[in-house]
file work_34.tsv (TSV, C-alpha atoms)
chain	number	residue	atom	x	y	z
A	189	MET	CA	0.00	0.00	0.00
A	190	ILE	CA	1.28	3.47	-0.92
A	191	GLN	CA	1.44	5.67	2.15
A	192	GLY	CA	3.19	8.65	3.70
A	193	SER	CA	4.12	11.97	2.11
A	194	ILE	CA	3.14	11.89	-1.55
A	195	VAL	CA	4.19	15.01	-3.40
A	196	ALA	CA	1.82	16.54	-5.94
A	197	LEU	CA	4.78	17.42	-8.15
A	198	ALA	CA	4.94	20.81	-9.88
A	199	THR	CA	5.85	20.63	-13.57
A	200	PRO	CA	8.92	22.81	-14.22
A	201	MET	CA	8.68	25.08	-17.25
A	202	ASP	CA	10.87	27.50	-19.14
A	203	GLU	CA	9.79	31.13	-19.20
A	204	ASP	CA	8.08	30.49	-22.55
A	205	GLY	CA	5.92	27.81	-20.91
A	206	SER	CA	7.59	24.77	-22.46
A	207	VAL	CA	8.29	21.81	-20.16
A	208	ASP	CA	11.80	22.02	-18.67
A	209	VAL	CA	12.97	18.40	-18.76
A	210	ALA	CA	16.30	19.02	-17.03
A	211	SER	CA	14.62	20.75	-14.09
A	212	LEU	CA	11.98	18.00	-13.93
A	213	ARG	CA	14.69	15.40	-13.45
A	214	ARG	CA	16.44	17.61	-10.90
A	215	LEU	CA	13.20	18.02	-8.98
A	216	VAL	CA	12.65	14.26	-8.90
A	217	ASP	CA	16.20	13.80	-7.56
A	218	PHE	CA	15.48	16.37	-4.86
A	219	HIS	CA	12.46	14.39	-3.67
A	220	LEU	CA	14.30	11.08	-3.72
A	221	GLN	CA	17.08	12.60	-1.62
A	222	GLU	CA	14.70	14.28	0.84
A	223	GLY	CA	12.58	11.24	1.66
A	224	THR	CA	9.37	11.78	-0.29
A	225	ASP	CA	7.44	8.51	-0.17
A	226	ALA	CA	5.72	8.68	-3.58
A	227	ILE	CA	5.28	11.13	-6.46
A	228	VAL	CA	2.15	12.25	-8.30
A	229	ALA	CA	3.06	13.35	-11.82
A	230	VAL	CA	0.75	15.79	-13.63
A	231	GLY	CA	-1.93	16.33	-11.02
A	232	THR	CA	-3.49	19.72	-10.35
A	233	THR	CA	-0.18	21.10	-9.06
A	234	GLY	CA	1.49	19.73	-12.19
A	235	GLU	CA	-0.74	21.95	-14.37
A	236	SER	CA	-2.62	19.05	-15.91
A	237	ALA	CA	-5.30	21.43	-17.16
A	238	THR	CA	-2.90	23.29	-19.46
A	239	LEU	CA	-0.65	20.49	-20.74
A	240	ASP	CA	-1.84	18.94	-23.99
A	241	GLU	CA	-2.39	15.19	-24.05
A	242	ASN	CA	1.01	14.33	-25.53
A	243	GLU	CA	2.85	16.60	-23.06
A	244	HIS	CA	0.81	15.16	-20.21
A	245	CYS	CA	1.82	11.60	-21.06
A	246	GLU	CA	5.43	12.54	-21.77
A	247	VAL	CA	5.87	14.14	-18.34
A	248	ILE	CA	4.48	10.99	-16.73
A	249	ARG	CA	6.87	8.87	-18.81
A	250	LEU	CA	9.86	11.04	-17.87
A	251	VAL	CA	9.06	10.88	-14.15
A	252	VAL	CA	8.57	7.10	-14.24
A	253	GLU	CA	11.82	6.69	-16.17
A	254	HIS	CA	13.87	8.89	-13.83
A	255	VAL	CA	12.41	7.47	-10.61
A	256	ALA	CA	13.30	3.99	-11.91
A	257	GLY	CA	11.27	2.16	-9.30
A	258	ARG	CA	12.77	3.85	-6.26
A	259	VAL	CA	9.40	5.16	-5.04
A	260	PRO	CA	5.88	4.67	-6.44
A	261	VAL	CA	4.79	7.02	-9.21
A	262	ILE	CA	1.10	7.91	-9.39
A	263	ALA	CA	-0.01	9.40	-12.71
A	264	GLY	CA	-2.65	12.09	-12.77
A	265	THR	CA	-5.02	10.88	-15.50
A	266	GLY	CA	-8.36	12.47	-14.66
A	267	ALA	CA	-10.38	14.43	-17.21
A	268	ASN	CA	-13.88	15.76	-17.60
A	269	ALA	CA	-14.42	13.57	-20.67
A	270	THR	CA	-14.50	9.88	-19.81
A	271	SER	CA	-12.90	8.97	-23.15
A	272	GLU	CA	-9.91	11.22	-22.42
A	273	ALA	CA	-9.51	9.80	-18.91
A	274	VAL	CA	-9.47	6.31	-20.43
A	275	ARG	CA	-6.77	7.28	-22.94
A	276	LEU	CA	-4.58	8.95	-20.31
A	277	THR	CA	-4.96	6.05	-17.88
A	278	ARG	CA	-4.08	3.47	-20.52
A	279	ARG	CA	-0.99	5.43	-21.54
A	280	ALA	CA	0.10	5.79	-17.91
A	281	LYS	CA	-0.07	2.02	-17.56
A	282	GLU	CA	1.93	1.60	-20.78
A	283	VAL	CA	4.80	3.77	-19.51
A	284	GLY	CA	4.97	1.97	-16.17
A	285	ALA	CA	3.15	4.14	-13.63
A	286	ASP	CA	2.34	2.31	-10.39
A	287	ALA	CA	-1.14	3.80	-10.03
A	288	CYS	CA	-3.33	6.57	-11.41
A	289	LEU	CA	-5.09	9.48	-9.70
A	290	LEU	CA	-8.40	10.48	-11.27
A	291	VAL	CA	-10.04	13.75	-10.37
A	292	THR	CA	-13.81	14.03	-10.54
A	293	PRO	CA	-14.91	15.41	-13.92
A	294	TYR	CA	-14.79	19.17	-13.60
A	295	TYR	CA	-17.07	21.87	-15.01
A	296	ASN	CA	-19.79	19.61	-16.46
A	297	LYS	CA	-21.16	18.75	-12.96
A	298	PRO	CA	-22.27	15.10	-13.36
A	299	THR	CA	-24.76	13.41	-11.06
A	300	GLN	CA	-23.62	10.81	-8.54
A	301	GLU	CA	-24.70	8.10	-10.99
A	302	GLY	CA	-22.67	9.83	-13.72
A	303	LEU	CA	-19.64	9.87	-11.42
A	304	PHE	CA	-20.08	6.19	-10.62
A	305	LEU	CA	-20.35	5.25	-14.30
A	306	HIS	CA	-17.40	7.48	-15.24
A	307	PHE	CA	-14.99	5.92	-12.75
A	308	LYS	CA	-16.34	2.42	-13.43
A	309	ALA	CA	-15.70	2.86	-17.17
A	310	VAL	CA	-12.11	3.99	-16.63
A	311	ALA	CA	-11.43	1.16	-14.18
A	312	GLU	CA	-12.79	-1.42	-16.61
A	313	ALA	CA	-10.79	0.04	-19.51
A	314	ALA	CA	-7.36	0.11	-17.83
A	315	ASP	CA	-6.02	-2.58	-15.51
A	316	ILE	CA	-3.99	-0.41	-13.16
A	317	PRO	CA	-4.68	0.67	-9.54
A	318	GLN	CA	-6.79	3.82	-9.57
A	319	ILE	CA	-7.17	6.38	-6.77
A	320	LEU	CA	-10.25	8.59	-6.81
A	321	TYR	CA	-9.71	12.32	-6.26
A	322	ASN	CA	-12.43	14.50	-4.75
A	323	VAL	CA	-11.76	18.25	-4.70
A	324	PRO	CA	-15.12	20.04	-5.01
A	325	GLY	CA	-13.57	23.45	-4.39
A	326	ARG	CA	-11.94	23.20	-7.82
A	327	THR	CA	-14.32	20.99	-9.77
A	328	ALA	CA	-17.81	22.08	-8.66
A	329	CYS	CA	-18.47	18.38	-8.19
A	330	ASP	CA	-18.56	16.44	-4.91
A	331	LEU	CA	-18.04	12.67	-4.87
A	332	LEU	CA	-20.24	11.65	-1.94
A	333	PRO	CA	-19.35	8.84	0.48
A	334	GLU	CA	-22.21	6.62	-0.68
A	335	THR	CA	-20.82	6.74	-4.23
A	336	VAL	CA	-17.31	6.04	-2.95
A	337	VAL	CA	-18.66	2.94	-1.19
A	338	ARG	CA	-20.04	1.65	-4.50
A	339	LEU	CA	-16.81	2.39	-6.34
A	340	ALA	CA	-14.68	0.73	-3.66
A	341	GLU	CA	-16.21	-2.60	-4.70
A	342	ILE	CA	-14.43	-2.36	-8.08
A	343	PRO	CA	-11.14	-4.27	-7.63
A	344	ASN	CA	-8.72	-1.80	-9.21
A	345	ILE	CA	-10.24	1.29	-7.56
A	346	THR	CA	-7.91	1.23	-4.61
A	347	GLY	CA	-8.33	4.45	-2.59
A	348	ILE	CA	-9.34	8.10	-2.55
A	349	LYS	CA	-7.66	11.46	-2.22
A	350	GLU	CA	-10.21	13.38	-0.16
A	351	ALA	CA	-9.53	17.10	-0.50
A	352	THR	CA	-12.57	18.70	1.08
A	353	GLY	CA	-10.53	19.54	4.19
A	354	ASP	CA	-13.25	17.90	6.29
A	355	VAL	CA	-11.54	15.31	8.50
A	356	ARG	CA	-14.93	13.81	9.35
A	357	ARG	CA	-15.59	13.09	5.67
A	358	GLY	CA	-12.42	11.03	5.52
A	359	GLU	CA	-13.37	9.19	8.69
A	360	GLU	CA	-16.78	8.34	7.27
A	361	ILE	CA	-15.23	6.86	4.13
A	362	MET	CA	-12.75	4.85	6.22
A	363	ARG	CA	-15.56	3.52	8.38
A	364	ARG	CA	-17.79	2.58	5.47
A	365	CYS	CA	-15.13	1.20	3.11
A	366	GLY	CA	-12.85	-0.52	5.60
A	367	GLU	CA	-9.12	-0.76	6.19
A	368	GLY	CA	-8.38	-2.12	2.72
A	369	PHE	CA	-9.48	1.11	1.01
A	370	PRO	CA	-6.98	3.81	1.94
A	371	VAL	CA	-7.95	7.43	2.32
A	372	TYR	CA	-5.31	10.05	1.53
A	373	SER	CA	-5.69	13.64	2.65
A	374	GLY	CA	-5.67	16.17	-0.14
A	375	ASP	CA	-5.57	19.14	2.21
A	376	ASP	CA	-2.21	20.00	3.77
A	377	ALA	CA	-3.71	22.00	6.63
A	378	SER	CA	-5.73	19.05	7.97
A	379	ALA	CA	-3.44	16.22	6.80
A	380	CYS	CA	-1.73	15.69	10.16
A	381	GLU	CA	-5.04	15.21	11.96
A	382	SER	CA	-6.37	13.04	9.14
A	383	CYS	CA	-3.35	10.73	9.40
A	384	LEU	CA	-3.70	10.55	13.17
A	385	ARG	CA	-7.29	9.43	12.61
A	386	GLY	CA	-6.46	6.72	10.10
A	387	ALA	CA	-5.63	8.27	6.71
A	388	LYS	CA	-2.64	6.63	5.05
A	389	GLY	CA	-0.89	9.81	4.03
A	390	VAL	CA	-1.26	13.07	2.16
A	391	ILE	CA	-0.99	14.03	-1.48
A	392	SER	CA	0.69	17.30	-0.75
A	393	VAL	CA	1.48	20.71	-2.20
A	394	THR	CA	3.63	21.64	0.81
A	395	ALA	CA	5.83	18.60	0.16
A	396	ASN	CA	7.12	20.32	-2.98
A	397	VAL	CA	9.17	22.74	-0.87
A	398	ALA	CA	9.44	20.92	2.47
A	399	PRO	CA	9.67	17.23	1.54
A	400	ARG	CA	11.79	16.09	4.47
A	401	LEU	CA	9.50	17.72	7.03
A	402	MET	CA	6.35	16.37	5.37
A	403	HIS	CA	7.84	12.89	5.33
A	404	ALA	CA	8.73	13.18	9.02
A	405	MET	CA	5.29	14.51	9.94
A	406	CYS	CA	3.53	11.70	8.10
A	407	ALA	CA	5.82	9.05	9.57
A	408	ALA	CA	5.12	10.29	13.08
A	409	ALA	CA	1.36	10.51	12.50
A	410	LEU	CA	1.21	7.04	10.96
A	411	ALA	CA	3.10	5.73	14.00
A	412	ASP	CA	0.48	7.45	16.21
A	413	ASP	CA	3.10	9.79	17.69
A	414	ARG	CA	0.75	12.74	18.05
A	415	ALA	CA	3.18	15.05	19.87
A	416	THR	CA	5.93	14.75	17.24
A	417	ALA	CA	3.54	14.95	14.30
A	418	GLN	CA	1.82	18.06	15.64
A	419	ALA	CA	5.13	19.76	16.47
A	420	ILE	CA	6.33	19.32	12.88
A	421	ASP	CA	2.95	20.33	11.50
A	422	SER	CA	3.02	23.52	13.56
A	423	ARG	CA	6.30	24.46	11.92
A	424	LEU	CA	4.67	23.94	8.51
A	425	ALA	CA	1.38	25.69	9.28
A	426	ALA	CA	2.21	28.94	7.51
A	427	LEU	CA	3.24	27.05	4.38
A	428	HIS	CA	0.02	25.05	4.42
A	429	ARG	CA	-1.86	28.36	4.45
A	430	ASP	CA	0.24	30.65	2.30
A	431	LEU	CA	1.01	28.25	-0.55
A	432	PHE	CA	-2.64	28.92	-1.40
A	433	ILE	CA	-2.50	32.72	-1.12
A	434	GLU	CA	-3.10	32.66	-4.88
A	435	SER	CA	-4.33	29.72	-6.90
A	436	ASN	CA	-2.19	26.58	-6.70
A	437	PRO	CA	0.41	26.08	-8.19
A	438	ILE	CA	1.24	29.79	-8.46
A	439	PRO	CA	2.78	30.19	-4.96
A	440	VAL	CA	4.55	26.84	-4.89
A	441	LYS	CA	6.22	27.43	-8.25
A	442	TRP	CA	7.44	30.81	-7.01
A	443	ALA	CA	8.80	29.13	-3.87
A	444	LEU	CA	10.59	26.44	-5.89
A	445	HIS	CA	12.12	29.18	-8.03
A	446	GLU	CA	13.30	30.97	-4.87
A	447	MET	CA	14.95	27.69	-3.82
A	448	GLY	CA	16.80	27.51	-7.14
A	449	LEU	CA	15.03	24.32	-8.22
A	450	ILE	CA	13.01	25.55	-11.22
A	451	GLN	CA	12.90	28.40	-13.69
A	452	ARG	CA	10.33	31.19	-13.76
A	453	GLY	CA	7.78	29.35	-15.90
A	454	ILE	CA	4.02	28.91	-15.62
A	455	ARG	CA	1.26	28.65	-18.21
A	456	LEU	CA	-1.58	31.03	-18.84
A	457	PRO	CA	-4.19	31.56	-17.58
A	458	LEU	CA	-2.02	31.15	-14.45
A	459	THR	CA	0.45	33.96	-13.80
A	460	TRP	CA	3.57	34.41	-11.71
A	461	LEU	CA	3.02	35.16	-8.02
A	462	SER	CA	1.98	38.76	-7.44
A	463	PRO	CA	4.72	40.93	-5.87
A	464	ARG	CA	2.40	41.82	-2.97
A	465	CYS	CA	2.25	38.11	-1.99
A	466	GLN	CA	5.92	37.24	-2.28
A	467	ASP	CA	7.02	38.40	1.16
A	468	THR	CA	4.18	36.40	2.71
A	469	VAL	CA	5.30	33.17	1.07
A	470	ARG	CA	8.95	33.93	1.84
A	471	GLU	CA	8.09	34.37	5.53
A	472	ALA	CA	6.22	31.05	5.55
A	473	MET	CA	9.32	29.40	4.11
A	474	ARG	CA	11.43	31.08	6.79
A	475	GLN	CA	9.14	29.80	9.55
A	476	ALA	CA	9.58	26.28	8.18
A	477	GLN	CA	13.36	26.92	8.14
A	478	ILE	CA	13.75	25.98	4.49
A	479	VAL	CA	15.32	29.28	3.41

call {"tool": "encode", "arguments": {"input": "work_34.tsv", "output": "structure tokens"}}
result
Amino acid sequence: MIQGSIVALATPMDEDGSVDVASLRRLVDFHLQEGTDAIVAVGTTGESATLDENEHCEVIRLVVEHVAGRVPVIAGTGANATSEAVRLTRRAKEVGADACLLVTPYYNKPTQEGLFLHFKAVAEAADIPQILYNVPGRTACDLLPETVVRLAEIPNITGIKEATGDVRRGEEIMRRCGEGFPVYSGDDASACESCLRGAKGVISVTANVAPRLMHAMCAAALADDRATAQAIDSRLAALHRDLFIESNPIPVKWALHEMGLIQRGIRLPLTWLSPRCQDTVREAMRQAQIV
């Protein structure tokens, strides 16, 4: 079972918006050295919405190739068209991803039955472990626990990233689906408490810039060492908050650039972090003692 600190990896880009392959490999090396437990390639933080399909699959391939089996690689393959999600998921399997992460279809606002049939179709079309991803704040679509229970019966649907920030929602899914269906927090601010209550880890934005601390926090929480986990989480609290001062991944890409890990590249309609926000993010990094 994949568990611990799972980074939602930012996709490095040149200033013209093209994918920066050298920096991508360097970023993967950074995470391997700093103890990240698994990597999500081309999720929300990886700008999946603005990479075209070929770029999307190539970034997944490059990450899988460079990781070379040292930690699990989870490919972001969700889409708001079921046919596209099937294509992406099949290609992720072809290039050797360990699992896929599928966000609820965004913008078109399907019913719960539509969500069930969407995820069922992808699972039946691609024989690879698939993790559901519920983030209604970005998709205008909420995958309810009763639908998760139905989907958990499909053998290769193997867990959920629950990003509502509601710890009780995660607990309800754990209770109804059982120990064999892991819940991962998708909200850095509540991840520590979620792990202390039974979640198996966090798919994290903060882990981009503080991978060693996020790994240590998750390890302590999974070992039920509340005091240590909360002490580390307190040190990270400003990052959890301020890496969302503008839309993700704007602040985290700025922070990675400040750390010398990536170039100053992001794709429209996202823009570089506003000057008025930069001191706030820099102070959060200082509080975490990573600058």

call {"tool": "atom_distance", "arguments": {"input": "work_34.tsv", "atom1": "CA of Glu312 (chain A)", "atom2": "CA of Met362 (chain A)"}}
result
23.7 Å

call {"tool": "residues_around", "arguments": {"input": "work_34.tsv", "residues": "Thr233 (chain A)", "least_positions_apart": "6", "cutoff": "8 Å", "atoms": "only C-alpha atoms", "output": "count of residues only"}}
result
7

call {"tool": "closest_residue", "arguments": {"input": "work_34.tsv", "among": "A:Thr468, A:Thr416, A:Gly284, A:Met405", "to": "Arg429 (chain A)", "atoms": "only C-alpha atoms"}}
result
A:Thr468

call {"tool": "residues_around", "arguments": {"input": "work_34.tsv", "residues": "Ile342 (chain A)", "least_positions_apart": "3", "cutoff": "10 Å", "atoms": "all atoms listed in the file", "output": "PDB file with C-alpha atoms, in the coordinates of the input"}}
result
ATOM      1  CA  PHE A 307     -14.990   5.920 -12.750  1.00  0.00           C
ATOM      2  CA  LYS A 308     -16.340   2.420 -13.430  1.00  0.00           C
ATOM      3  CA  ALA A 311     -11.430   1.160 -14.180  1.00  0.00           C
ATOM      4  CA  GLU A 312     -12.790  -1.420 -16.610  1.00  0.00           C
ATOM      5  CA  GLN A 318      -6.790   3.820  -9.570  1.00  0.00           C
ATOM      6  CA  VAL A 337     -18.660   2.940  -1.190  1.00  0.00           C
ATOM      7  CA  ARG A 338     -20.040   1.650  -4.500  1.00  0.00           C
ATOM      8  CA  LEU A 339     -16.810   2.390  -6.340  1.00  0.00           C
ATOM      9  CA  ILE A 345     -10.240   1.290  -7.560  1.00  0.00           C
ATOM     10  CA  THR A 346      -7.910   1.230  -4.610  1.00  0.00           C
TER      11      THR A 346
END

call {"tool": "atom_distance", "arguments": {"input": "work_34.tsv", "atom1": "CA of Gly368 (chain A)", "atom2": "CA of Ala280 (chain A)"}}
result
23.7 Å

call {"tool": "closest_residue", "arguments": {"input": "work_34.tsv", "among": "A:Val195, A:Ala426, A:Met201, A:Ile190", "to": "Gln451 (chain A)", "atoms": "all atoms listed in the file"}}
result
A:Met201

call {"tool": "closest_residue", "arguments": {"input": "work_34.tsv", "among": "A:Met402, A:Arg258, A:Asp286, A:Thr232", "to": "Tyr321 (chain A)", "atoms": "all atoms listed in the file"}}
result
A:Thr232

call {"tool": "residues_around", "arguments": {"input": "work_34.tsv", "residues": "Arg423 (chain A)", "least_positions_apart": "3", "cutoff": "8 Å", "atoms": "only C-alpha atoms", "output": "list of chain:residue names"}}
result
A:Ala419, A:Ile420, A:Ala426, A:Gln475, A:Ala476

call {"tool": "atom_distance", "arguments": {"input": "work_34.tsv", "atom1": "CA of Gln191 (chain A)", "atom2": "CA of Gly389 (chain A)"}}
result
5.1 Å

call {"tool": "closest_residue", "arguments": {"input": "work_34.tsv", "among": "A:Glu334, A:Ala314, A:Arg452, A:Gly231", "to": "Glu282 (chain A)", "atoms": "all atoms listed in the file"}}
result
A:Ala314

call {"tool": "closest_residue", "arguments": {"input": "work_34.tsv", "among": "A:Trp442, A:Phe369, A:Trp460, A:Phe304", "to": "Asn344 (chain A)", "atoms": "all atoms listed in the file"}}
result
A:Phe369

call {"tool": "residues_near_point", "arguments": {"input": "work_34.tsv", "point": "(-16.6, 19.8, 1.0)", "cutoff": "8 Å", "atoms": "all atoms listed in the file", "output": "list of chain:residue names"}}
result
A:Val323, A:Pro324, A:Gly325, A:Asp330, A:Ala351, A:Thr352, A:Gly353, A:Asp354

call {"tool": "closest_residue", "arguments": {"input": "work_34.tsv", "among": "A:Ser382, A:Asn268, A:Ser193, A:Asn242", "to": "Cys329 (chain A)", "atoms": "only C-alpha atoms"}}
result
A:Asn268

call {"tool": "residues_around", "arguments": {"input": "work_34.tsv", "residues": "Thr277 (chain A)", "least_positions_apart": "3", "cutoff": "8 Å", "atoms": "only C-alpha atoms", "output": "list in words"}}
result
Ala263, Thr265, Gly266, Ala273, Val274, Ala280, Lys281, Cys288, Val310 and Ala314 of chain A

call {"tool": "residues_near_point", "arguments": {"input": "work_34.tsv", "point": "(-9.2, 13.4, -20.3)", "cutoff": "12 Å", "atoms": "all atoms listed in the file", "output": "short mmCIF file (atom, residue, chain, number, x, y, z; two decimals) with C-alpha atoms, in the coordinates of the input"}}
result
data_model
loop_
_atom_site.label_atom_id
_atom_site.label_comp_id
_atom_site.auth_asym_id
_atom_site.auth_seq_id
_atom_site.Cartn_x
_atom_site.Cartn_y
_atom_site.Cartn_z
CA SER A 236 -2.62 19.05 -15.91
CA ALA A 237 -5.30 21.43 -17.16
CA THR A 238 -2.90 23.29 -19.46
CA LEU A 239 -0.65 20.49 -20.74
CA ASP A 240 -1.84 18.94 -23.99
CA GLU A 241 -2.39 15.19 -24.05
CA ASN A 242 1.01 14.33 -25.53
CA HIS A 244 0.81 15.16 -20.21
CA CYS A 245 1.82 11.60 -21.06
CA GLY A 264 -2.65 12.09 -12.77
CA THR A 265 -5.02 10.88 -15.50
CA GLY A 266 -8.36 12.47 -14.66
CA ALA A 267 -10.38 14.43 -17.21
CA ASN A 268 -13.88 15.76 -17.60
CA ALA A 269 -14.42 13.57 -20.67
CA THR A 270 -14.50 9.88 -19.81
CA SER A 271 -12.90 8.97 -23.15
CA GLU A 272 -9.91 11.22 -22.42
CA ALA A 273 -9.51 9.80 -18.91
CA VAL A 274 -9.47 6.31 -20.43
CA ARG A 275 -6.77 7.28 -22.94
CA LEU A 276 -4.58 8.95 -20.31
CA THR A 277 -4.96 6.05 -17.88
CA ARG A 278 -4.08 3.47 -20.52
CA ARG A 279 -0.99 5.43 -21.54
CA LEU A 290 -8.40 10.48 -11.27
CA VAL A 291 -10.04 13.75 -10.37
CA THR A 292 -13.81 14.03 -10.54
CA PRO A 293 -14.91 15.41 -13.92
CA TYR A 294 -14.79 19.17 -13.60
CA HIS A 306 -17.40 7.48 -15.24
CA VAL A 310 -12.11 3.99 -16.63
#

call {"tool": "build_atoms", "arguments": {"input": "work_34.tsv", "residues": "region 257-282 of chain A", "atoms": "N, CA and C atoms", "output": "compact mmCIF listing (two decimals), keeping the file's coordinate frame"}}
result
# COMPACT_ATOMS: atom_id res chain seq x y z
N GLY A 257 11.73 3.11 -10.29
CA GLY A 257 11.27 2.16 -9.30
C GLY A 257 11.65 2.45 -7.87
N ARG A 258 12.30 3.58 -7.62
CA ARG A 258 12.77 3.85 -6.26
C ARG A 258 11.65 4.24 -5.30
N VAL A 259 10.64 4.91 -5.80
CA VAL A 259 9.40 5.16 -5.04
C VAL A 259 8.25 4.98 -6.02
N PRO A 260 7.02 4.78 -5.53
CA PRO A 260 5.88 4.67 -6.44
C PRO A 260 5.62 5.99 -7.17
N VAL A 261 5.22 5.87 -8.42
CA VAL A 261 4.79 7.02 -9.21
C VAL A 261 3.30 6.86 -9.53
N ILE A 262 2.54 7.87 -9.14
CA ILE A 262 1.10 7.91 -9.39
C ILE A 262 0.86 8.93 -10.49
N ALA A 263 0.23 8.51 -11.57
CA ALA A 263 -0.01 9.40 -12.71
C ALA A 263 -1.36 10.07 -12.58
N GLY A 264 -1.39 11.38 -12.70
CA GLY A 264 -2.65 12.09 -12.77
C GLY A 264 -3.27 11.88 -14.14
N THR A 265 -4.41 11.20 -14.20
CA THR A 265 -5.02 10.88 -15.50
C THR A 265 -6.50 11.23 -15.56
N GLY A 266 -6.96 12.08 -14.66
CA GLY A 266 -8.36 12.47 -14.66
C GLY A 266 -8.66 13.46 -15.78
N ALA A 267 -9.92 13.49 -16.18
CA ALA A 267 -10.38 14.43 -17.21
C ALA A 267 -11.88 14.57 -17.07
N ASN A 268 -12.43 15.62 -17.68
CA ASN A 268 -13.88 15.76 -17.60
C ASN A 268 -14.59 15.07 -18.75
N ALA A 269 -13.86 14.46 -19.66
CA ALA A 269 -14.42 13.57 -20.67
C ALA A 269 -13.94 12.16 -20.34
N THR A 270 -14.86 11.24 -20.18
CA THR A 270 -14.50 9.88 -19.81
C THR A 270 -13.55 9.27 -20.83
N SER A 271 -13.77 9.53 -22.10
CA SER A 271 -12.90 8.97 -23.15
C SER A 271 -11.46 9.45 -22.99
N GLU A 272 -11.27 10.71 -22.62
CA GLU A 272 -9.91 11.22 -22.42
C GLU A 272 -9.28 10.59 -21.18
N ALA A 273 -10.04 10.44 -20.11
CA ALA A 273 -9.51 9.80 -18.91
C ALA A 273 -9.08 8.37 -19.21
N VAL A 274 -9.84 7.68 -20.04
CA VAL A 274 -9.47 6.31 -20.43
C VAL A 274 -8.15 6.32 -21.19
N ARG A 275 -8.01 7.22 -22.16
CA ARG A 275 -6.77 7.28 -22.94
C ARG A 275 -5.56 7.57 -22.05
N LEU A 276 -5.69 8.57 -21.18
CA LEU A 276 -4.58 8.95 -20.31
C LEU A 276 -4.21 7.81 -19.37
N THR A 277 -5.22 7.13 -18.83
CA THR A 277 -4.96 6.05 -17.88
C THR A 277 -4.29 4.87 -18.57
N ARG A 278 -4.72 4.54 -19.77
CA ARG A 278 -4.08 3.47 -20.52
C ARG A 278 -2.62 3.81 -20.84
N ARG A 279 -2.37 5.05 -21.21
CA ARG A 279 -0.99 5.43 -21.54
C ARG A 279 -0.11 5.44 -20.29
N ALA A 280 -0.67 5.84 -19.16
CA ALA A 280 0.10 5.79 -17.91
C ALA A 280 0.50 4.36 -17.57
N LYS A 281 -0.41 3.43 -17.78
CA LYS A 281 -0.07 2.02 -17.56
C LYS A 281 1.04 1.58 -18.52
N GLU A 282 0.94 1.99 -19.77
CA GLU A 282 1.93 1.60 -20.78
C GLU A 282 3.34 2.06 -20.42
